[in-house]
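J.: I'm passing along my_file22.txt; it holds compact mmCIF, C-alpha atoms.
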# COMPACT_ATOMS: atom_id res chain seq x y z
CA MET A 1 -16.96 23.10 6.18
CA GLU A 2 -18.09 20.77 3.38
CA THR A 3 -20.49 17.96 4.17
CA GLY A 4 -18.59 14.75 4.78
CA SER A 5 -15.26 16.53 4.54
CA ARG A 6 -14.11 15.57 8.02
CA SER A 7 -14.01 12.29 9.89
CA GLU A 8 -16.78 13.41 12.20
CA PHE A 9 -17.86 9.87 12.93
CA GLN A 10 -14.87 9.20 15.17
CA GLY A 11 -17.12 8.78 18.18
CA LYS A 12 -18.00 5.41 17.26
CA PRO A 13 -21.72 5.10 18.06
CA GLY A 14 -21.70 2.17 15.66
CA ALA A 15 -18.59 0.51 17.04
CA ALA A 16 -20.60 -2.42 18.34
CA ALA A 17 -22.31 -2.92 14.97
CA ALA A 18 -19.00 -2.66 13.14
CA GLY A 19 -17.41 -5.11 15.55
CA GLN A 20 -20.20 -7.62 15.00
CA ARG A 21 -19.93 -7.20 11.25
CA TYR A 22 -16.17 -7.73 11.27
CA ALA A 23 -16.55 -10.80 13.44
CA ARG A 24 -18.86 -12.26 10.76
CA ILE A 25 -16.37 -11.64 7.94
CA GLN A 26 -14.29 -14.65 9.04
CA PRO A 27 -10.83 -13.65 7.80
CA LEU A 28 -8.42 -16.34 6.70
CA VAL A 29 -5.51 -17.06 9.02
CA VAL A 30 -2.78 -17.42 6.43
CA GLY A 31 -0.44 -20.29 7.09
CA SER A 32 -2.71 -22.06 9.55
CA GLY A 33 -4.99 -23.84 7.11
CA HIS A 34 -8.15 -22.81 8.97
CA GLU A 35 -10.31 -19.76 9.46
CA ALA A 36 -10.01 -17.36 12.35
CA ASP A 37 -12.40 -17.84 15.22
CA ALA A 38 -13.23 -15.91 18.36
CA GLY A 39 -10.33 -15.37 20.69
CA ASP A 40 -7.12 -13.45 20.36
CA GLY A 41 -7.92 -12.04 16.92
CA GLU A 42 -11.35 -10.80 17.96
CA ALA A 43 -10.00 -9.29 21.18
CA TRP A 44 -7.32 -7.49 19.18
CA LEU A 45 -9.92 -6.19 16.73
CA GLN A 46 -12.12 -4.87 19.51
CA SER A 47 -9.17 -2.98 20.97
CA MET A 48 -8.42 -1.50 17.54
CA LEU A 49 -11.98 -0.53 16.55
CA PRO A 50 -11.67 3.14 17.60
CA TRP A 51 -8.99 3.54 14.92
CA HIS A 52 -11.38 2.04 12.38
CA PHE A 53 -13.62 5.07 12.91
CA GLN A 54 -10.72 7.52 12.55
CA GLY A 55 -9.92 9.24 9.29
CA ASP A 56 -7.22 11.85 8.68
CA PRO A 57 -8.63 15.24 9.76
CA LEU A 58 -5.37 17.05 8.98
CA ALA A 59 -5.42 15.96 5.33
CA GLU A 60 -9.17 16.45 4.99
CA GLU A 61 -8.94 20.03 6.24
CA VAL A 62 -6.20 20.74 3.71
CA VAL A 63 -8.28 19.31 0.85
CA CYS A 64 -11.03 21.73 1.84
CA VAL A 65 -8.53 24.60 1.89
CA LEU A 66 -7.18 23.72 -1.55
CA ARG A 67 -10.69 23.58 -2.95
CA ARG A 68 -11.66 26.87 -1.30
CA GLU A 69 -8.50 28.57 -2.57
CA SER A 70 -8.96 27.03 -6.05
CA ARG A 71 -5.37 25.91 -5.88
CA SER A 72 -3.84 23.90 -8.72
CA MET A 73 -3.77 20.22 -7.86
CA ALA A 74 -0.80 19.52 -10.10
CA GLN A 75 1.75 20.15 -7.32
CA PRO A 76 -0.12 19.83 -4.03
CA ALA A 77 3.00 19.77 -1.86
CA LEU A 78 4.08 23.12 -3.28
CA ALA A 79 0.57 24.55 -2.89
CA VAL A 80 0.37 23.39 0.73
CA THR A 81 3.80 24.85 1.47
CA VAL A 82 2.91 28.23 -0.05
CA LEU A 83 -0.36 28.41 1.89
CA ALA A 84 1.40 27.42 5.11
CA GLU A 85 3.94 30.20 4.60
CA ARG A 86 1.04 32.61 4.19
CA GLY A 87 -0.35 31.56 7.57
CA ASP A 88 -2.98 28.94 6.77
CA ALA A 89 -3.35 26.93 9.99
CA ALA A 90 -4.57 23.69 8.34
CA CYS A 91 -1.61 23.58 5.95
CA GLN A 92 0.81 24.41 8.75
CA ALA A 93 -0.57 21.56 10.86
CA LEU A 94 -0.28 19.03 8.05
CA LEU A 95 3.29 20.06 7.25
CA ALA A 96 4.26 19.90 10.94
CA ASP A 97 2.91 16.35 11.08
CA MET A 98 4.76 15.39 7.89
CA HIS A 99 8.02 16.93 9.09
CA ALA A 100 8.03 15.07 12.42
CA VAL A 101 10.43 12.18 11.78
CA PRO A 102 9.93 9.36 14.35
CA GLY A 103 12.90 8.50 16.54
CA TRP A 104 13.07 4.95 15.17
CA VAL A 105 13.70 6.14 11.60
CA ASP A 106 17.24 5.32 10.43
CA PHE A 107 17.89 6.73 6.95
CA ALA A 108 21.21 4.89 6.66
CA LEU A 109 19.53 1.54 7.36
CA MET A 110 16.69 2.35 4.94
CA LYS A 111 19.30 3.15 2.32
CA GLN A 112 20.64 -0.41 2.62
CA GLY A 113 17.14 -1.84 2.22
CA GLY A 114 16.39 0.39 -0.75
CA ALA A 115 19.67 -0.53 -2.44
CA MET A 116 18.82 -4.22 -2.06
CA ALA A 117 15.45 -3.63 -3.72
CA GLN A 118 16.98 -1.55 -6.51
CA ARG A 119 19.50 -4.31 -7.27
CA ASN A 120 16.66 -6.81 -7.41
CA PHE A 121 14.20 -4.63 -9.30
CA PRO A 122 12.76 -7.47 -11.46
CA ALA A 123 11.68 -9.35 -8.32
CA LEU A 124 10.50 -6.09 -6.71
CA VAL A 125 8.27 -5.30 -9.68
CA MET A 126 6.85 -8.82 -9.73
CA GLY A 127 6.36 -8.88 -5.98
CA LEU A 128 4.49 -5.58 -5.98
CA THR A 129 2.34 -6.44 -8.99
CA TYR A 130 1.51 -10.06 -8.22
CA GLY A 131 1.88 -10.17 -4.45
CA CYS A 132 0.94 -6.78 -3.01
CA LEU A 133 -1.57 -5.09 -5.31
CA PRO A 134 -4.19 -7.82 -4.65
CA LEU A 135 -3.89 -7.23 -0.90
CA THR A 136 -5.09 -3.64 -1.34
CA PHE A 137 -8.59 -4.94 -2.15
CA ALA A 138 -8.53 -8.14 -0.06
CA HIS A 139 -10.99 -6.88 2.56
CA PRO A 140 -14.69 -6.36 1.70
CA ASP A 141 -14.60 -2.67 2.62
CA ALA A 142 -11.43 -2.04 0.61
CA ALA A 143 -12.90 -3.95 -2.33
CA ALA A 144 -16.04 -1.78 -2.20
CA ILE A 145 -13.98 1.41 -2.34
CA PHE A 146 -11.76 -0.04 -5.05
CA ALA A 147 -14.72 -1.00 -7.20
CA GLY A 148 -16.37 2.35 -6.57
CA THR A 149 -13.52 4.32 -8.12
CA GLY A 150 -13.85 2.39 -11.39
CA ARG A 151 -10.20 2.91 -12.24
CA MET A 152 -9.36 -0.79 -12.30
CA GLU A 153 -11.97 -1.47 -14.95
CA ALA A 154 -11.13 1.67 -16.91
CA SER A 155 -7.38 1.11 -17.20
CA ILE A 156 -5.32 -1.45 -15.37
CA THR A 157 -2.15 0.14 -16.73
CA ARG A 158 -3.10 3.47 -15.20
CA ARG A 159 -3.88 1.83 -11.86
CA LEU A 160 -0.51 0.06 -11.84
CA ASN A 161 1.30 3.27 -12.74
CA GLU A 162 -0.41 5.08 -9.87
CA SER A 163 0.90 2.42 -7.50
CA ALA A 164 4.34 2.39 -9.11
CA ALA A 165 4.84 6.09 -8.53
CA LEU A 166 4.94 5.49 -4.79
CA PHE A 167 5.96 1.85 -4.47
CA PHE A 168 9.03 2.11 -6.69
CA GLY A 169 10.04 5.67 -5.86
CA VAL A 170 10.38 5.16 -2.10
CA MET A 171 13.22 2.71 -2.68
CA ASP A 172 15.36 5.85 -2.89
CA SER A 173 15.17 6.52 0.84
CA ASP A 174 17.06 9.82 0.52
CA ALA A 175 14.03 11.09 -1.39
CA LEU A 176 11.85 10.41 1.68
CA ALA A 177 13.46 13.15 3.77
CA PRO A 178 11.18 16.15 4.43
CA GLN A 179 10.50 18.25 1.31
CA GLU A 180 12.28 15.75 -0.96
CA PRO A 181 10.43 14.31 -4.02
CA MET A 182 9.08 11.07 -2.50
CA TRP A 183 8.14 12.87 0.70
CA ALA A 184 6.07 15.16 -1.52
CA ALA A 185 4.63 12.10 -3.29
CA CYS A 186 3.55 10.68 0.08
CA LEU A 187 1.83 13.97 0.90
CA GLN A 188 0.04 13.81 -2.45
CA VAL A 189 -1.15 10.23 -1.92
CA ARG A 190 -2.25 11.16 1.62
CA LEU A 191 -4.46 13.87 0.14
CA VAL A 192 -5.77 11.43 -2.47
CA HIS A 193 -6.81 9.08 0.35
CA ALA A 194 -8.57 11.98 2.05
CA ILE A 195 -10.49 12.82 -1.13
CA VAL A 196 -11.53 9.19 -1.61
CA ARG A 197 -12.71 9.09 2.00
CA MET A 198 -14.65 12.33 1.68
CA GLN A 199 -16.33 11.24 -1.53
CA ALA A 200 -17.33 7.89 -0.05
CA LEU A 201 -18.96 9.71 2.88
CA GLN A 202 -20.77 12.08 0.55
CA GLN A 203 -22.07 9.11 -1.44
CA GLY A 204 -23.66 7.53 1.61
CA TRP A 205 -21.00 5.20 3.00
CA ASP A 206 -22.46 3.36 6.01
CA VAL A 207 -20.05 4.40 8.74
CA GLU A 208 -21.87 2.63 11.56
CA GLN A 209 -21.67 -0.71 9.80
CA ARG A 210 -18.33 -0.36 8.02
CA GLY A 211 -16.31 2.19 9.94
CA MET A 212 -14.54 5.09 8.25
CA PRO A 213 -13.57 4.54 4.61
CA VAL A 214 -9.77 4.36 4.23
CA SER A 215 -9.53 4.43 8.01
CA GLN A 216 -6.37 4.77 10.05
CA LEU A 217 -6.56 1.09 10.92
CA ALA A 218 -6.87 0.02 7.28
CA THR A 219 -4.04 2.32 6.22
CA ALA A 220 -1.87 0.88 8.99
CA ALA A 221 -1.75 -2.38 6.98
CA GLY A 222 0.95 -0.80 4.80
CA PRO A 223 3.99 -2.33 6.56
CA ALA A 224 2.33 -5.77 6.58
CA PHE A 225 1.49 -5.68 2.87
CA PHE A 226 4.53 -3.91 1.45
CA GLY A 227 7.16 -4.70 4.06
CA SER A 228 7.29 -8.23 5.39
CA HIS A 229 4.89 -9.79 2.84
CA LEU A 230 6.65 -8.21 -0.14
CA LEU A 231 10.08 -9.17 1.19
CA GLU A 232 8.94 -12.77 1.61
CA GLY A 233 7.59 -12.76 -1.94
CA MET A 234 10.89 -11.48 -3.32
CA ARG A 235 12.71 -14.19 -1.39
CA ARG A 236 10.45 -16.78 -3.02
CA LEU A 237 11.92 -15.60 -6.31
CA GLY A 238 15.45 -16.16 -5.05
CA VAL A 239 16.34 -12.71 -3.68
CA LYS A 240 19.04 -12.73 -1.02
CA ALA A 241 18.89 -10.01 1.63
CA SER A 242 21.07 -9.55 4.67
CA GLU A 243 19.55 -8.93 8.10
CA GLU A 244 20.34 -5.22 7.82
CA GLU A 245 18.92 -4.98 4.29
CA ALA A 246 15.72 -6.71 5.34
CA ALA A 247 15.33 -4.44 8.36
CA GLY A 248 15.95 -1.35 6.25
CA PHE A 249 13.50 -2.46 3.57
CA CYS A 250 10.73 -3.00 6.12
CA MET A 251 11.55 0.30 7.85
CA ILE A 252 10.96 2.15 4.57
CA TRP A 253 7.35 0.99 4.59
CA ARG A 254 6.89 1.72 8.27
CA TYR A 255 8.03 5.30 7.68
CA VAL A 256 5.98 5.68 4.48
CA THR A 257 2.91 4.55 6.43
CA ARG A 258 3.63 7.23 9.05
CA LEU A 259 3.85 9.82 6.26
CA MET A 260 0.44 8.63 5.10
CA GLY A 261 -0.95 9.96 8.37
CA VAL A 262 -1.05 6.77 10.44
CA PRO A 263 -0.35 7.64 14.12
CA LEU A 264 2.66 6.23 15.93
CA ALA A 265 0.29 4.25 18.16
CA LEU A 266 -0.41 1.97 15.17
CA LEU A 267 3.26 1.49 14.26
CA GLY A 268 5.93 -0.52 16.04
CA GLU A 269 8.89 1.21 17.64
CA SER A 270 10.95 -1.83 16.59
CA GLN A 271 10.61 -4.37 13.81
CA LEU A 272 9.71 -7.04 16.36
CA GLN A 273 6.77 -4.94 17.55
CA GLN A 274 5.81 -4.24 13.94
CA ASP A 275 5.90 -7.94 13.07
CA GLN A 276 3.50 -8.72 15.90
CA PHE A 277 1.12 -5.99 14.78
CA ASP A 278 1.41 -7.05 11.12
CA GLN A 279 0.46 -10.61 11.95
CA GLN A 280 -2.83 -9.41 13.41
CA MET A 281 -3.39 -7.05 10.48
CA MET A 282 -2.97 -9.86 7.97
CA ARG A 283 -5.35 -12.03 9.97
CA GLN A 284 -8.05 -9.38 10.00
CA PHE A 285 -7.69 -7.64 6.65
CA PHE A 286 -7.27 -10.62 4.34
CA ALA A 287 -10.84 -11.77 3.72
CA PRO A 288 -11.61 -11.63 -0.03
CA ASP A 289 -15.33 -11.50 -0.85
CA THR A 290 -17.14 -11.80 -4.19
CA THR A 291 -16.23 -8.23 -5.14
CA ALA A 292 -12.56 -8.84 -4.38
CA LYS A 293 -12.59 -12.00 -6.51
CA THR A 294 -14.17 -10.04 -9.36
CA ILE A 295 -11.50 -7.35 -9.08
CA MET A 296 -8.82 -10.04 -9.07
CA ALA A 297 -10.24 -11.52 -12.27
CA THR A 298 -10.27 -8.03 -13.81
CA LEU A 299 -6.69 -7.48 -12.70
CA LEU A 300 -5.57 -10.74 -14.30
CA GLU A 301 -7.35 -9.94 -17.57
CA GLY A 302 -5.87 -6.46 -17.62
CA LEU A 303 -2.34 -7.70 -17.01
CA CYS A 304 -2.75 -10.22 -19.81
CA SER A 305 -4.09 -7.69 -22.31
CA GLN A 306 -2.09 -4.49 -21.69
CA ARG A 307 1.61 -3.84 -22.06
CA PRO A 308 4.15 -4.41 -20.73
CA THR A 309 2.79 -7.37 -18.76
CA SER A 310 0.88 -8.74 -21.77
CA ARG A 311 4.21 -10.05 -23.02
CA LEU A 312 4.12 -12.65 -20.25
CA PRO A 313 1.99 -15.76 -20.90
CA ARG A 314 -1.25 -15.90 -18.95
CA THR A 315 -0.22 -19.20 -17.37
CA LEU A 316 3.01 -17.65 -16.09
CA GLN A 317 1.14 -14.69 -14.63
CA ILE A 318 -1.20 -17.02 -12.76
CA ALA A 319 1.83 -18.89 -11.43
CA LEU A 320 3.39 -15.59 -10.31
CA PHE A 321 0.22 -14.66 -8.42
CA ARG A 322 0.25 -18.02 -6.68
CA ARG A 323 3.97 -17.81 -5.84
CA MET A 324 3.81 -14.20 -4.60
CA LEU A 325 0.57 -14.57 -2.64
CA GLY A 326 1.06 -18.13 -1.43
CA GLU A 327 -1.31 -21.00 -2.10
CA GLU A 328 -3.85 -20.16 0.62
CA MET A 329 -4.24 -16.54 -0.46
CA ALA A 330 -4.39 -17.52 -4.12
CA ASP A 331 -7.13 -20.04 -3.41
CA ALA A 332 -9.07 -17.44 -1.42
CA PHE A 333 -8.99 -15.16 -4.48
CA ALA A 334 -10.28 -18.11 -6.59
CA LEU A 335 -7.18 -18.03 -8.79
CA PRO A 336 -6.85 -21.13 -10.97
CA ASP A 337 -3.90 -23.47 -10.69
CA ASP A 338 -1.98 -24.06 -13.91
CA ARG A 339 0.74 -26.68 -14.38
CA ALA A 340 2.11 -24.98 -17.49
CA GLY A 341 2.60 -21.79 -15.51
CA ARG A 342 4.38 -23.65 -12.74
CA ARG A 343 6.75 -25.12 -15.31
CA SER A 344 7.46 -21.67 -16.76
CA LEU A 345 8.12 -20.26 -13.31
CA ALA A 346 10.43 -23.19 -12.58
CA TRP A 347 12.96 -21.75 -15.04
CA LEU A 348 12.27 -18.07 -14.33
CA ALA A 349 12.90 -18.28 -10.58
CA PRO A 350 16.47 -19.65 -10.91
CA MET A 351 17.28 -16.84 -13.35
CA LEU A 352 16.11 -14.24 -10.85
CA SER A 353 18.03 -16.02 -8.10
CA GLY A 354 21.17 -15.91 -10.22
CA TYR A 355 20.60 -12.23 -10.92
CA SER A 356 20.29 -11.61 -7.18
CA ARG A 357 23.57 -13.41 -6.49
CA LEU A 358 25.26 -11.42 -9.26
CA GLY A 359 24.04 -8.23 -7.65
CA ARG A 360 25.97 -9.04 -4.49
CA VAL A 361 29.30 -9.43 -6.29
CA PRO A 362 31.58 -6.40 -5.78
CA GLY A 363 31.70 -4.39 -8.98
CA PHE A 364 28.51 -5.85 -10.40
CA SER A 365 26.43 -4.66 -7.45
CA LEU A 366 26.94 -0.99 -8.34
CA GLY A 367 25.90 -1.66 -11.92
CA THR A 368 22.77 -3.62 -11.06
CA ARG A 369 21.74 -1.06 -8.47
CA TRP A 370 22.31 1.81 -10.89
CA ALA A 371 20.27 0.09 -13.61
CA GLY A 372 17.53 -0.78 -11.16
CA SER A 373 17.32 2.72 -9.71
CA ARG A 374 17.07 4.28 -13.19
CA ILE A 375 14.29 1.91 -14.22
CA LEU A 376 12.39 2.37 -10.96
CA ASP A 377 12.74 6.15 -11.18
CA THR A 378 11.27 6.07 -14.68
CA LEU A 379 8.35 3.94 -13.52
CA ALA A 380 7.78 6.21 -10.53
CA GLU A 381 7.77 9.40 -12.60
CA GLU A 382 5.16 8.12 -15.03
CA GLY A 383 2.23 7.41 -12.84
CA LEU A 384 1.50 9.46 -9.70
CA ILE A 385 -2.23 10.15 -9.70
CA ALA A 386 -3.22 13.79 -9.68
CA LEU A 387 -5.67 15.11 -7.12
CA ALA A 388 -7.85 16.47 -9.93
CA VAL A 389 -8.22 12.93 -11.32
CA THR A 390 -9.35 11.74 -7.91
CA GLY A 391 -11.82 14.55 -7.57
CA GLY A 392 -9.78 17.17 -5.77
CA SER A 393 -10.91 19.95 -8.07
CA ARG A 394 -14.60 19.52 -7.32
If you convert what's in this file into structure tokens, what do you get?

T.:
Amino acid sequence: METGSRSEFQGKPGAAAAGQRYARIQPLVVGSGHEADAGDGEAWLQSMLPWHFQGDPLAEEVVCVLRRESRSMAQPALAVTVLAERGDAACQALLADMHAVPGWVDFALMKQGGAMAQRNFPALVMGLTYGCLPLTFAHPDAAAIFAGTGRMEASITRRLNESAALFFGVMDSDALAPQEPMWAACLQVRLVHAIVRMQALQQGWDVEQRGMPVSQLATAAGPAFFGSHLLEGMRRLGVKASEEEAAGFCMIWRYVTRLMGVPLALLGESQLQQDQFDQQMMRQFFAPDTTAKTIMATLLEGLCSQRPTSRLPRTLQIALFRRMLGEEMADAFALPDDRAGRRSLAWLAPMLSGYSRLGRVPGFSLGTRWAGSRILDTLAEEGLIALAVTGGSR
């Protein structure tokens, strides 16, 4: 077994220290206009702390197997499948976990949500870029891992493409069925998370103070960031979604988060349960520190200097961040406020709203969905990060 290759710190000797540290972070309660204090949020966090010391042993074991077998990292899902067929217990266990579809998964409902997103792909792209990507480094621990990889500074385009491969591709919910392409992409990203976690441990990550890097609890923020928050951001750009489409869209992200290794105990059996959990997740995991603000500034500069986003004026991009994140989150990231950008967005939003209405007209809806799905498929195919890039070959 490689040093730091497993989440052996699950026993939580430092749970008290981590709990005290998290209590000091003072996360912002979005929408309330004040900071969180002791009470319900702290009690919830204390009950969740064991999951903050839990990694993903199934994925970590498989990374070790792939390294030991010197397997090509180009197609990890295929490599894992081949090894499982040959009797490797670690690969068999991971595949069994990935193949177990929760009872609450409804592929027909997810198809409706994905079709809505495909029809509204301009708003989806903007929502993911300007509303969701910043949330992935909004907590001090996440920001530290993000900064440690160096990929944001090296190439913002590459970082966005890595995200796009998963975020855009899962809108085709049929491709999320076991052994289908986006299911395989989820397995690949799950292994990438395991490699990042293992490397952070090897580099001296302070588990007692910070919990496990890329912990189960942190990963469980997926539905909050990319489900309800993203949907709300798209609606701010004029997107219209029926109750069924909204439920299906959010279910996609709940299922994707399960495929990422998050246990069912951290996912709602219904959307109502998930909404309640997401509210607490947003309260606890949105707390940008100096590092997060620096990453945000780097993200803005990268978007303004690299194609295709460089075609948008800087002022408009700032306005998009503020619209997609909301004013409180934007202020917490120290984003400037720009009147010129607000004016530009004032004419862009009605255009997107009109496009959304057009997409609901019989006849046009098929065309807009087809165009959106082709564009999203292209974006998804371009950027999935390879395990070797992450460090899987070492």

J.: So how far away is CA of Leu267 (chain A) from CA of Phe121 (chain A), in Å?

T.: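 Between CA of Phe121 (chain A) and CA of Leu267 (chain A) the gap is 26.7 Å.
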
J.: For Cys250 (chain A), which residue out of A:His229, A:Arg68, A:His52, A:Arg236 is the nearest one, using only C-alpha atoms?

T.: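 Using only C-alpha atoms, Cys250 (chain A) sits closest to A:His229.
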
J.: Identify the residues around (9.7, -17.3, -4.0) within a radius of 7 Å, measuring from all atoms listed in the file in the coordinates stated by the file, and give them as a PyMOL selection string.

T.: chain A and resi 233-238+323-324

J.: Taking 2 positions as the minimum chain separation for residues in the same chain, which residues sit within 10 Å of region 96-98 of chain A when counting only C-alpha atoms? Answer as a PDB file with C-alpha atoms, in the coordinates of the input.

T.:
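Final output, part_0.pdb:
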ATOM      1  CA  LEU A  58      -5.370  17.050   8.980  1.00  0.00           C
ATOM      2  CA  ALA A  84       1.400  27.420   5.110  1.00  0.00           C
ATOM      3  CA  ALA A  90      -4.570  23.690   8.340  1.00  0.00           C
ATOM      4  CA  CYS A  91      -1.610  23.580   5.950  1.00  0.00           C
ATOM      5  CA  GLN A  92       0.810  24.410   8.750  1.00  0.00           C
ATOM      6  CA  ALA A  93      -0.570  21.560  10.860  1.00  0.00           C
ATOM      7  CA  LEU A  94      -0.280  19.030   8.050  1.00  0.00           C
ATOM      8  CA  ALA A 100       8.030  15.070  12.420  1.00  0.00           C
ATOM      9  CA  VAL A 101      10.430  12.180  11.780  1.00  0.00           C
ATOM     10  CA  ALA A 177      13.460  13.150   3.770  1.00  0.00           C
ATOM     11  CA  PRO A 178      11.180  16.150   4.430  1.00  0.00           C
ATOM     12  CA  GLN A 179      10.500  18.250   1.310  1.00  0.00           C
ATOM     13  CA  TRP A 183       8.140  12.870   0.700  1.00  0.00           C
ATOM     14  CA  ALA A 184       6.070  15.160  -1.520  1.00  0.00           C
ATOM     15  CA  CYS A 186       3.550  10.680   0.080  1.00  0.00           C
ATOM     16  CA  LEU A 187       1.830  13.970   0.900  1.00  0.00           C
ATOM     17  CA  ARG A 258       3.630   7.230   9.050  1.00  0.00           C
ATOM     18  CA  LEU A 259       3.850   9.820   6.260  1.00  0.00           C
ATOM     19  CA  MET A 260       0.440   8.630   5.100  1.00  0.00           C
ATOM     20  CA  GLY A 261      -0.950   9.960   8.370  1.00  0.00           C
ATOM     21  CA  PRO A 263      -0.350   7.640  14.120  1.00  0.00           C
TER      22      PRO A 263
END

J.: Show which residues sit within 8 Å of Phe285 (chain A), as a PyMOL selection string. Count all atoms listed in the file, and ignore same-chain residues fewer than 5 positions away.

T.: chain A and resi 27+138-139+218+221

J.: Which residues are close to Trp347 (chain A), i.e. within 12 Å by all atoms listed in the file, leaving aside same-chain residues fewer than 5 positions away? Reply as a ChimeraX atom specification.

T.: /A:237-238,316,340-342,352-354

J.: Please determine, counting only C-alpha atoms, which residue among A:Val239, A:Arg197, A:Tyr255, A:Val125 has the shortest atom-to-atom distance to Pro350 (chain A).

T.: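 Of all the options, A:Val239 lies closest to Pro350 (chain A).
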
J.: Closest to Val170 (chain A) among A:Phe137, A:Phe146, A:Phe107, A:Trp205, using all atoms listed in the file?

T.: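 The answer is A:Phe107, which sits nearest to Val170 (chain A).
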
J.: Once 3 Å is added on each side, what centre and edge lengths in Å to one decimal does the axis-aligned box around all listed atoms of region 244-251 of chain A have, as lines of an AutoDock Vina configuration file?

T.:
center_x = 15.5
center_y = -3.2
center_z = 6.0
size_x = 15.6
size_y = 13.0
size_z = 10.8

J.: Using Å and a single decimal, report how far CA of Ser228 (chain A) sits from CA of Leu335 (chain A).

T.: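 Spanning CA of Leu335 (chain A) to CA of Ser228 (chain A) is a straight-line distance of 22.5 Å.
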
J.: Report, in Å with one decimal, the straight-line distance from CA of Met296 (chain A) to CA of Pro313 (chain A).

T.: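 Atom-to-atom, CA of Met296 (chain A) to CA of Pro313 (chain A), that is 17.0 Å.
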
J.: Might you pull out every residue within 12 Å of Phe321 (chain A), with only C-alpha atoms counted and same-chain residues fewer than 4 positions away left off, and present them as a PDB file with C-alpha atoms, in the frame of the given file?

T.:
ATOM      1  CA  MET A 126       6.850  -8.820  -9.730  1.00  0.00           C
ATOM      2  CA  GLY A 127       6.360  -8.880  -5.980  1.00  0.00           C
ATOM      3  CA  LEU A 128       4.490  -5.580  -5.980  1.00  0.00           C
ATOM      4  CA  THR A 129       2.340  -6.440  -8.990  1.00  0.00           C
ATOM      5  CA  TYR A 130       1.510 -10.060  -8.220  1.00  0.00           C
ATOM      6  CA  GLY A 131       1.880 -10.170  -4.450  1.00  0.00           C
ATOM      7  CA  CYS A 132       0.940  -6.780  -3.010  1.00  0.00           C
ATOM      8  CA  LEU A 133      -1.570  -5.090  -5.310  1.00  0.00           C
ATOM      9  CA  PRO A 134      -4.190  -7.820  -4.650  1.00  0.00           C
ATOM     10  CA  LEU A 135      -3.890  -7.230  -0.900  1.00  0.00           C
ATOM     11  CA  GLY A 233       7.590 -12.760  -1.940  1.00  0.00           C
ATOM     12  CA  ARG A 236      10.450 -16.780  -3.020  1.00  0.00           C
ATOM     13  CA  LEU A 237      11.920 -15.600  -6.310  1.00  0.00           C
ATOM     14  CA  MET A 296      -8.820 -10.040  -9.070  1.00  0.00           C
ATOM     15  CA  ALA A 297     -10.240 -11.520 -12.270  1.00  0.00           C
ATOM     16  CA  LEU A 299      -6.690  -7.480 -12.700  1.00  0.00           C
ATOM     17  CA  LEU A 300      -5.570 -10.740 -14.300  1.00  0.00           C
ATOM     18  CA  LEU A 303      -2.340  -7.700 -17.010  1.00  0.00           C
ATOM     19  CA  ARG A 314      -1.250 -15.900 -18.950  1.00  0.00           C
ATOM     20  CA  THR A 315      -0.220 -19.200 -17.370  1.00  0.00           C
ATOM     21  CA  LEU A 316       3.010 -17.650 -16.090  1.00  0.00           C
ATOM     22  CA  GLN A 317       1.140 -14.690 -14.630  1.00  0.00           C
ATOM     23  CA  LEU A 325       0.570 -14.570  -2.640  1.00  0.00           C
ATOM     24  CA  GLY A 326       1.060 -18.130  -1.430  1.00  0.00           C
ATOM     25  CA  GLU A 327      -1.310 -21.000  -2.100  1.00  0.00           C
ATOM     26  CA  GLU A 328      -3.850 -20.160   0.620  1.00  0.00           C
ATOM     27  CA  MET A 329      -4.240 -16.540  -0.460  1.00  0.00           C
ATOM     28  CA  ALA A 330      -4.390 -17.520  -4.120  1.00  0.00           C
ATOM     29  CA  ASP A 331      -7.130 -20.040  -3.410  1.00  0.00           C
ATOM     30  CA  ALA A 332      -9.070 -17.440  -1.420  1.00  0.00           C
ATOM     31  CA  PHE A 333      -8.990 -15.160  -4.480  1.00  0.00           C
ATOM     32  CA  ALA A 334     -10.280 -18.110  -6.590  1.00  0.00           C
ATOM     33  CA  LEU A 335      -7.180 -18.030  -8.790  1.00  0.00           C
ATOM     34  CA  PRO A 336      -6.850 -21.130 -10.970  1.00  0.00           C
ATOM     35  CA  ASP A 337      -3.900 -23.470 -10.690  1.00  0.00           C
ATOM     36  CA  ASP A 338      -1.980 -24.060 -13.910  1.00  0.00           C
ATOM     37  CA  GLY A 341       2.600 -21.790 -15.510  1.00  0.00           C
ATOM     38  CA  ARG A 342       4.380 -23.650 -12.740  1.00  0.00           C
ATOM     39  CA  LEU A 345       8.120 -20.260 -13.310  1.00  0.00           C
TER      40      LEU A 345
END

J.: Residues near Val214 (chain A), anyone? I mean within 9 Å using all atoms listed in the file, not counting same-chain ones fewer than 6 positions away, as a count of residues only.

T.: 10

J.: Between A:Leu264, A:Gly114, A:Ala79, A:Ser242, which has the minimum distance to Gly169 (chain A) (counting all atoms listed in the file)?

T.: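 Of the candidates, the smallest distance to Gly169 (chain A) is held by A:Gly114.
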
J.: Which one is closest to Met281 (chain A): A:Leu45, A:Met198, A:Ala319, A:Ala185? Count only C-alpha atoms.

T.: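 Result for the nearest residue to Met281 (chain A): A:Leu45.
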
J.: Kindly indicate which residue among A:Leu109, A:Pro140, A:Ala349, A:Pro223 lies nearest to Gln279 (chain A), using only C-alpha atoms for the distances.

T.: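 The closest residue to Gln279 (chain A) is A:Pro223.
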